[in-house]
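*Asks:* Got a file for you: my_file11.txt, compact mmCIF, N, CA and C atoms.
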```txt
# COMPACT_ATOMS: atom_id res chain seq x y z
N MET H 9 74.74 -41.52 32.12
CA MET H 9 74.46 -42.48 33.17
C MET H 9 75.65 -42.58 34.11
N VAL H 10 75.40 -42.93 35.34
CA VAL H 10 76.44 -43.05 36.34
C VAL H 10 77.22 -44.34 36.09
N ALA H 11 78.54 -44.22 35.99
CA ALA H 11 79.38 -45.40 35.79
C ALA H 11 79.68 -46.06 37.14
N SER H 12 80.03 -45.25 38.14
CA SER H 12 80.32 -45.79 39.46
C SER H 12 80.23 -44.69 40.51
N MET H 13 80.08 -45.12 41.76
CA MET H 13 80.04 -44.21 42.90
C MET H 13 80.97 -44.76 43.97
N GLU H 14 81.49 -43.84 44.79
CA GLU H 14 82.35 -44.25 45.90
C GLU H 14 82.14 -43.29 47.06
N ILE H 15 81.84 -43.84 48.24
CA ILE H 15 81.74 -43.04 49.45
C ILE H 15 83.15 -42.84 49.99
N THR H 16 83.58 -41.58 50.08
CA THR H 16 84.93 -41.32 50.55
C THR H 16 84.98 -41.03 52.05
N LYS H 17 83.91 -40.41 52.59
CA LYS H 17 83.92 -40.06 54.01
C LYS H 17 82.49 -39.91 54.51
N VAL H 18 82.25 -40.36 55.74
CA VAL H 18 80.96 -40.18 56.41
C VAL H 18 81.24 -39.56 57.77
N THR H 19 80.61 -38.41 58.03
CA THR H 19 80.78 -37.76 59.32
C THR H 19 79.41 -37.44 59.90
N ALA H 20 79.34 -37.40 61.22
CA ALA H 20 78.09 -37.07 61.91
C ALA H 20 78.35 -35.89 62.83
N ARG H 21 77.85 -34.73 62.42
CA ARG H 21 77.93 -33.52 63.25
C ARG H 21 76.50 -33.14 63.62
N ASP H 22 76.04 -31.99 63.13
CA ASP H 22 74.63 -31.64 63.33
C ASP H 22 73.74 -32.61 62.58
N ARG H 23 74.19 -32.99 61.40
CA ARG H 23 73.53 -34.03 60.61
C ARG H 23 74.60 -34.90 59.98
N VAL H 24 74.19 -36.00 59.39
CA VAL H 24 75.15 -36.91 58.76
C VAL H 24 75.54 -36.34 57.40
N VAL H 25 76.85 -36.23 57.16
CA VAL H 25 77.38 -35.69 55.91
C VAL H 25 78.16 -36.81 55.21
N ILE H 26 77.82 -37.04 53.94
CA ILE H 26 78.46 -38.08 53.15
C ILE H 26 79.17 -37.44 51.97
N ASP H 27 80.48 -37.67 51.86
CA ASP H 27 81.24 -37.23 50.70
C ASP H 27 81.24 -38.37 49.69
N LEU H 28 80.86 -38.03 48.45
CA LEU H 28 80.62 -39.05 47.43
C LEU H 28 81.30 -38.66 46.13
N ASN H 29 82.09 -39.56 45.56
CA ASN H 29 82.65 -39.37 44.23
C ASN H 29 81.77 -40.11 43.23
N VAL H 30 81.33 -39.41 42.20
CA VAL H 30 80.47 -40.00 41.17
C VAL H 30 81.17 -39.89 39.83
N TRP H 31 81.38 -41.02 39.17
CA TRP H 31 81.98 -41.07 37.84
C TRP H 31 80.87 -41.23 36.82
N MET H 32 80.79 -40.29 35.88
CA MET H 32 79.78 -40.32 34.83
C MET H 32 80.40 -40.84 33.52
N ASP H 33 79.54 -41.37 32.62
CA ASP H 33 80.00 -41.88 31.34
C ASP H 33 80.25 -40.77 30.34
N ASP H 34 79.44 -39.71 30.38
CA ASP H 34 79.47 -38.68 29.36
C ASP H 34 79.39 -37.31 30.04
N PRO H 35 80.13 -36.31 29.57
CA PRO H 35 80.06 -34.99 30.21
C PRO H 35 78.70 -34.31 30.06
N ASN H 36 77.90 -34.69 29.08
CA ASN H 36 76.58 -34.08 28.89
C ASN H 36 75.47 -34.86 29.56
N ASP H 37 75.81 -35.89 30.31
CA ASP H 37 74.81 -36.71 30.99
C ASP H 37 74.47 -36.07 32.34
N HIS H 38 73.20 -35.80 32.56
CA HIS H 38 72.75 -35.17 33.80
C HIS H 38 71.78 -36.07 34.56
N ASP H 39 71.82 -37.37 34.31
CA ASP H 39 70.88 -38.31 34.91
C ASP H 39 71.44 -38.85 36.22
N PHE H 40 71.33 -38.06 37.29
CA PHE H 40 71.77 -38.50 38.61
C PHE H 40 70.75 -38.06 39.63
N GLN H 41 70.03 -39.03 40.19
CA GLN H 41 69.03 -38.77 41.22
C GLN H 41 69.33 -39.72 42.39
N PRO H 42 70.14 -39.28 43.36
CA PRO H 42 70.56 -40.19 44.43
C PRO H 42 69.43 -40.53 45.39
N ARG H 43 69.43 -41.79 45.82
CA ARG H 43 68.49 -42.29 46.83
C ARG H 43 69.31 -42.99 47.91
N VAL H 44 69.03 -42.66 49.17
CA VAL H 44 69.78 -43.20 50.30
C VAL H 44 68.86 -44.14 51.06
N HIS H 45 69.35 -45.35 51.34
CA HIS H 45 68.62 -46.36 52.09
C HIS H 45 69.45 -46.78 53.29
N LEU H 46 68.79 -47.03 54.41
CA LEU H 46 69.46 -47.49 55.62
C LEU H 46 68.81 -48.78 56.06
N ASP H 47 69.61 -49.85 56.11
CA ASP H 47 69.12 -51.17 56.54
C ASP H 47 70.01 -51.63 57.69
N GLY H 48 69.53 -51.42 58.91
CA GLY H 48 70.35 -51.72 60.08
C GLY H 48 71.47 -50.70 60.16
N SER H 49 72.70 -51.16 60.01
CA SER H 49 73.84 -50.23 60.01
C SER H 49 74.48 -50.13 58.63
N LEU H 50 73.81 -50.64 57.60
CA LEU H 50 74.34 -50.62 56.24
C LEU H 50 73.67 -49.50 55.45
N LEU H 51 74.46 -48.51 55.04
CA LEU H 51 73.98 -47.38 54.25
C LEU H 51 74.20 -47.70 52.78
N THR H 52 73.16 -47.55 51.96
CA THR H 52 73.23 -47.84 50.53
C THR H 52 72.81 -46.61 49.75
N ILE H 53 73.58 -46.26 48.72
CA ILE H 53 73.24 -45.15 47.84
C ILE H 53 73.06 -45.70 46.44
N THR H 54 71.90 -45.40 45.84
CA THR H 54 71.58 -45.85 44.49
C THR H 54 71.19 -44.65 43.64
N ASN H 55 71.03 -44.90 42.34
CA ASN H 55 70.56 -43.89 41.41
C ASN H 55 69.12 -44.24 41.05
N GLU H 56 68.21 -43.29 41.18
CA GLU H 56 66.79 -43.51 40.91
C GLU H 56 66.59 -44.02 39.48
N GLY H 57 65.80 -45.07 39.35
CA GLY H 57 65.48 -45.61 38.03
C GLY H 57 66.40 -46.73 37.59
N TYR H 58 67.45 -47.03 38.36
CA TYR H 58 68.39 -48.10 38.01
C TYR H 58 68.42 -49.09 39.17
N ALA H 59 68.40 -50.36 38.86
CA ALA H 59 68.32 -51.40 39.88
C ALA H 59 69.66 -51.66 40.57
N ASP H 60 70.73 -51.19 39.97
CA ASP H 60 72.06 -51.47 40.53
C ASP H 60 72.27 -50.74 41.85
N THR H 61 72.87 -51.42 42.80
CA THR H 61 73.33 -50.78 44.02
C THR H 61 74.73 -50.30 43.76
N PHE H 62 74.94 -49.00 43.80
CA PHE H 62 76.23 -48.47 43.41
C PHE H 62 77.25 -48.48 44.54
N THR H 63 76.85 -48.13 45.74
CA THR H 63 77.83 -48.09 46.82
C THR H 63 77.15 -48.35 48.17
N THR H 64 77.86 -49.00 49.06
CA THR H 64 77.38 -49.28 50.40
C THR H 64 78.49 -48.96 51.40
N LYS H 65 78.09 -48.70 52.63
CA LYS H 65 79.07 -48.38 53.69
C LYS H 65 78.48 -48.84 55.01
N GLU H 66 79.29 -49.50 55.82
CA GLU H 66 78.91 -49.92 57.16
C GLU H 66 79.12 -48.73 58.10
N LEU H 67 78.08 -48.36 58.86
CA LEU H 67 78.14 -47.19 59.74
C LEU H 67 78.34 -47.62 61.18
N ASP H 68 78.95 -46.74 61.98
CA ASP H 68 79.08 -47.01 63.41
C ASP H 68 77.78 -46.63 64.12
N ASP H 69 77.69 -46.96 65.40
CA ASP H 69 76.44 -46.79 66.15
C ASP H 69 76.01 -45.33 66.26
N ASP H 70 76.95 -44.42 66.49
CA ASP H 70 76.60 -43.00 66.62
C ASP H 70 76.04 -42.43 65.32
N THR H 71 76.62 -42.83 64.19
CA THR H 71 76.15 -42.35 62.89
C THR H 71 74.77 -42.92 62.56
N VAL H 72 74.56 -44.20 62.89
CA VAL H 72 73.24 -44.81 62.67
C VAL H 72 72.18 -44.09 63.50
N GLU H 73 72.51 -43.76 64.75
CA GLU H 73 71.57 -43.05 65.62
C GLU H 73 71.23 -41.68 65.05
N ALA H 74 72.23 -40.97 64.52
CA ALA H 74 71.99 -39.66 63.91
C ALA H 74 71.14 -39.79 62.65
N CYS H 75 71.35 -40.83 61.86
CA CYS H 75 70.53 -41.07 60.65
C CYS H 75 69.09 -41.34 61.02
N GLU H 76 68.87 -42.18 62.03
CA GLU H 76 67.50 -42.51 62.43
C GLU H 76 66.80 -41.32 63.07
N ARG H 77 67.56 -40.46 63.73
CA ARG H 77 66.97 -39.27 64.35
C ARG H 77 66.51 -38.26 63.31
N ASP H 78 67.37 -37.97 62.33
CA ASP H 78 67.07 -36.93 61.35
C ASP H 78 66.31 -37.45 60.14
N ARG H 79 66.52 -38.71 59.78
CA ARG H 79 65.91 -39.33 58.59
C ARG H 79 66.27 -38.60 57.31
N ARG H 80 67.42 -37.93 57.30
CA ARG H 80 67.96 -37.30 56.09
C ARG H 80 69.46 -37.14 56.26
N VAL H 81 70.15 -37.12 55.12
CA VAL H 81 71.61 -36.94 55.12
C VAL H 81 71.97 -35.84 54.13
N GLU H 82 73.11 -35.24 54.34
CA GLU H 82 73.62 -34.25 53.39
C GLU H 82 74.65 -34.93 52.51
N LEU H 83 74.45 -34.84 51.20
CA LEU H 83 75.40 -35.40 50.24
C LEU H 83 76.27 -34.29 49.67
N ARG H 84 77.56 -34.51 49.68
CA ARG H 84 78.51 -33.62 49.00
C ARG H 84 79.09 -34.43 47.85
N VAL H 85 78.63 -34.14 46.65
CA VAL H 85 78.95 -34.95 45.48
C VAL H 85 80.02 -34.26 44.64
N LYS H 86 81.03 -35.02 44.25
CA LYS H 86 82.06 -34.54 43.33
C LYS H 86 81.92 -35.35 42.04
N PHE H 87 81.53 -34.68 40.95
CA PHE H 87 81.33 -35.34 39.67
C PHE H 87 82.63 -35.38 38.88
N GLN H 88 82.89 -36.53 38.27
CA GLN H 88 84.02 -36.69 37.38
C GLN H 88 83.55 -37.50 36.18
N VAL H 89 84.25 -37.35 35.06
CA VAL H 89 83.87 -38.04 33.83
C VAL H 89 85.03 -38.92 33.38
N GLU H 90 84.71 -40.18 33.05
CA GLU H 90 85.72 -41.11 32.56
C GLU H 90 86.35 -40.53 31.30
N GLY H 91 87.66 -40.51 31.25
CA GLY H 91 88.37 -40.00 30.08
C GLY H 91 88.73 -38.52 30.17
N MET H 92 88.02 -37.76 31.01
CA MET H 92 88.33 -36.34 31.16
C MET H 92 89.11 -36.08 32.43
N HIS H 93 88.72 -36.72 33.53
CA HIS H 93 89.38 -36.53 34.81
C HIS H 93 90.23 -37.76 35.11
N GLY H 94 91.07 -37.66 36.05
CA GLY H 94 91.97 -38.75 36.37
C GLY H 94 93.40 -38.25 36.25
N THR H 95 94.28 -39.05 35.69
CA THR H 95 95.67 -38.67 35.55
C THR H 95 95.82 -37.69 34.39
N LEU H 96 96.38 -36.54 34.67
CA LEU H 96 96.60 -35.53 33.65
C LEU H 96 97.91 -35.83 32.94
N LEU H 97 97.83 -36.26 31.68
CA LEU H 97 99.02 -36.64 30.93
C LEU H 97 99.67 -35.47 30.21
N HIS H 98 98.86 -34.60 29.61
CA HIS H 98 99.37 -33.47 28.85
C HIS H 98 98.91 -32.18 29.52
N SER H 99 99.83 -31.52 30.19
CA SER H 99 99.51 -30.29 30.91
C SER H 99 99.54 -29.11 29.95
N ASN H 100 98.46 -28.35 29.90
CA ASN H 100 98.41 -27.15 29.08
C ASN H 100 98.87 -25.98 29.93
N PRO H 101 99.99 -25.37 29.59
CA PRO H 101 100.50 -24.30 30.45
C PRO H 101 99.67 -23.02 30.36
N ILE H 102 99.59 -22.33 31.48
CA ILE H 102 98.98 -21.01 31.53
C ILE H 102 100.15 -20.03 31.44
N PRO H 103 100.26 -19.28 30.34
CA PRO H 103 101.44 -18.42 30.15
C PRO H 103 101.62 -17.39 31.26
N ALA H 104 100.55 -16.93 31.87
CA ALA H 104 100.65 -15.86 32.86
C ALA H 104 101.43 -16.29 34.09
N ASP H 105 101.21 -17.50 34.57
CA ASP H 105 101.89 -17.92 35.79
C ASP H 105 102.80 -19.14 35.60
N GLY H 106 102.85 -19.72 34.41
CA GLY H 106 103.76 -20.81 34.14
C GLY H 106 103.34 -22.15 34.71
N LYS H 107 102.10 -22.27 35.17
CA LYS H 107 101.63 -23.53 35.75
C LYS H 107 100.67 -24.20 34.77
N GLY H 108 100.49 -25.50 34.96
CA GLY H 108 99.54 -26.24 34.14
C GLY H 108 98.14 -26.11 34.68
N LYS H 109 97.16 -26.09 33.80
CA LYS H 109 95.77 -25.98 34.24
C LYS H 109 95.11 -27.36 34.23
N LYS H 110 94.13 -27.52 35.09
CA LYS H 110 93.38 -28.77 35.20
C LYS H 110 91.94 -28.53 34.79
N LEU H 111 91.24 -29.62 34.52
CA LEU H 111 89.82 -29.51 34.21
C LEU H 111 89.03 -29.25 35.48
N ALA H 112 87.94 -28.52 35.35
CA ALA H 112 87.08 -28.23 36.49
C ALA H 112 86.40 -29.51 36.96
N GLU H 113 86.24 -29.63 38.27
CA GLU H 113 85.52 -30.75 38.85
C GLU H 113 84.27 -30.19 39.52
N PRO H 114 83.10 -30.35 38.88
CA PRO H 114 81.89 -29.79 39.47
C PRO H 114 81.52 -30.49 40.77
N ARG H 115 81.05 -29.70 41.71
CA ARG H 115 80.63 -30.22 43.01
C ARG H 115 79.19 -29.81 43.25
N TRP H 116 78.51 -30.64 44.04
CA TRP H 116 77.09 -30.47 44.25
C TRP H 116 76.79 -30.85 45.69
N LYS H 117 75.97 -30.06 46.37
CA LYS H 117 75.60 -30.34 47.75
C LYS H 117 74.08 -30.35 47.86
N THR H 118 73.54 -31.38 48.50
CA THR H 118 72.09 -31.49 48.64
C THR H 118 71.76 -32.28 49.91
N VAL H 119 70.52 -32.12 50.37
CA VAL H 119 70.01 -32.91 51.50
C VAL H 119 69.00 -33.91 50.94
N VAL H 120 69.21 -35.19 51.27
CA VAL H 120 68.41 -36.27 50.70
C VAL H 120 67.75 -37.04 51.84
N PRO H 121 66.45 -37.35 51.74
CA PRO H 121 65.81 -38.14 52.78
C PRO H 121 66.26 -39.61 52.74
N ILE H 122 66.25 -40.24 53.88
CA ILE H 122 66.57 -41.67 53.95
C ILE H 122 65.29 -42.45 53.75
N LEU H 123 65.31 -43.34 52.78
CA LEU H 123 64.13 -44.15 52.47
C LEU H 123 64.15 -45.47 53.20
```
Please rewrite the model in this file as structure tokens.

*Replies:*
Amino acid sequence: MVASMEITKVTARDRVVIDLNVWMDDPNDHDFQPRVHLDGSLLTITNEGYADTFTTKELDDDTVEACERDRRVELRVKFQVEGMHGTLLHSNPIPADGKGKKLAEPRWKTVVPIL
């Protein structure tokens, strides 16, 4: 299940692009179905099947106009898991180059209709 969401950036080019950080409870949890709602200039992103509103963002006039024109947004989602990602305390060295390795951060890109 999704623990929290955070909108990091909203841009309006050809279409509205939203960068979103999603923190999951468990690495094997795949229950994420984003839904985007637009109420005036307030953009809300929720997870399908859960009543909680996870994140909201106030949009400027140009971005609202682009949302109403296209009626869909592109989501660029970066998934992270509580306890796995965050501050790296113990760096595991890679002997070949002498640097520490980090955990992979899966990314996902999709186009979602505005409801």

*Asks:* State, in Å with one decimal place, the distance from atom C of Glu113 in chain H to CA of Val85 in chain H.

*Replies:*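 Calculated distance between atom C of Glu113 in chain H and CA of Val85 in chain H is 9.3 Å.
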
*Asks:* For the structure I just gave you, how does DSSP split chain H - specifically, which residues are alpha helix (DSSP H)? Reply as a PDB file with N, CA and C atoms, in the coordinates of the input.

*Replies:*
```
ATOM      1  N   ASP H  69      77.690 -46.960  65.400  1.00  0.00           N
ATOM      2  CA  ASP H  69      76.440 -46.790  66.150  1.00  0.00           C
ATOM      3  C   ASP H  69      76.010 -45.330  66.260  1.00  0.00           C
ATOM      4  N   ASP H  70      76.950 -44.420  66.490  1.00  0.00           N
ATOM      5  CA  ASP H  70      76.600 -43.000  66.620  1.00  0.00           C
ATOM      6  C   ASP H  70      76.040 -42.430  65.320  1.00  0.00           C
ATOM      7  N   THR H  71      76.620 -42.830  64.190  1.00  0.00           N
ATOM      8  CA  THR H  71      76.150 -42.350  62.890  1.00  0.00           C
ATOM      9  C   THR H  71      74.770 -42.920  62.560  1.00  0.00           C
ATOM     10  N   VAL H  72      74.560 -44.200  62.890  1.00  0.00           N
ATOM     11  CA  VAL H  72      73.240 -44.810  62.670  1.00  0.00           C
ATOM     12  C   VAL H  72      72.180 -44.090  63.500  1.00  0.00           C
ATOM     13  N   GLU H  73      72.510 -43.760  64.750  1.00  0.00           N
ATOM     14  CA  GLU H  73      71.570 -43.050  65.620  1.00  0.00           C
ATOM     15  C   GLU H  73      71.230 -41.680  65.050  1.00  0.00           C
ATOM     16  N   ALA H  74      72.230 -40.970  64.520  1.00  0.00           N
ATOM     17  CA  ALA H  74      71.990 -39.660  63.910  1.00  0.00           C
ATOM     18  C   ALA H  74      71.140 -39.790  62.650  1.00  0.00           C
ATOM     19  N   CYS H  75      71.350 -40.830  61.860  1.00  0.00           N
ATOM     20  CA  CYS H  75      70.530 -41.070  60.650  1.00  0.00           C
ATOM     21  C   CYS H  75      69.090 -41.340  61.020  1.00  0.00           C
ATOM     22  N   GLU H  76      68.870 -42.180  62.030  1.00  0.00           N
ATOM     23  CA  GLU H  76      67.500 -42.510  62.430  1.00  0.00           C
ATOM     24  C   GLU H  76      66.800 -41.320  63.070  1.00  0.00           C
ATOM     25  N   ARG H  77      67.560 -40.460  63.730  1.00  0.00           N
ATOM     26  CA  ARG H  77      66.970 -39.270  64.350  1.00  0.00           C
ATOM     27  C   ARG H  77      66.510 -38.260  63.310  1.00  0.00           C
ATOM     28  N   ASP H  78      67.370 -37.970  62.330  1.00  0.00           N
ATOM     29  CA  ASP H  78      67.070 -36.930  61.350  1.00  0.00           C
ATOM     30  C   ASP H  78      66.310 -37.450  60.140  1.00  0.00           C
TER      31      ASP H  78
END
```

*Asks:* Would you be able to write out as a PyMOL selection string which residues have an atom within 5 Å of (71.3, -46.1, 47.8) in the file's coordinates, counting all atoms listed in the file?

*Replies:* chain H and resi 43-45+52-54

*Asks:* Counting only C-alpha atoms, which residue out of H:Val10, H:Val25, H:Ile15, H:Ala59 sits closest to Phe40 in chain H?

*Replies:*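 So, comparing all the options, the nearest one is H:Val10.
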
*Asks:* Distance atom N of Arg79 in chain H-CA of Val119 in chain H, one decimal place?

*Replies:*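 For atom N of Arg79 in chain H relative to CA of Val119 in chain H, the distance reads 10.7 Å.
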
*Asks:* When DSSP is applied to the backbone of this structure, which of range 35-86 of chain H are assigned strand (DSSP E or B)? Write them out as a list in words.

*Replies:*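 After running DSSP on the backbone, range 35-86 of chain H has strand (DSSP E or B) at Pro42, Arg43, Val44, His45, Leu46, Asp47, Leu50, Leu51, Thr52, Ile53, Thr54, Asn55, Thr61, Phe62, Thr63, Thr64, Lys65, Glu66, Arg80, Val81, Glu82, Leu83, Arg84, Val85 and Lys86 of chain H.
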
*Asks:* In Å to one decimal, how far is CA of Asp37 in chain H from CA of Val120 in chain H?

*Replies:*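 According to the coordinates, CA of Val120 in chain H and CA of Asp37 in chain H are separated by 20.7 Å.
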
*Asks:* Quick one: residues within 7 Å of Lys17 in chain H, all atoms listed in the file, excluding same-chain residues fewer than 4 positions away - as a list in words?

*Replies:*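 Within the cut-off, the hits are Val25, Ile26, Asp27 and Leu28 of chain H.
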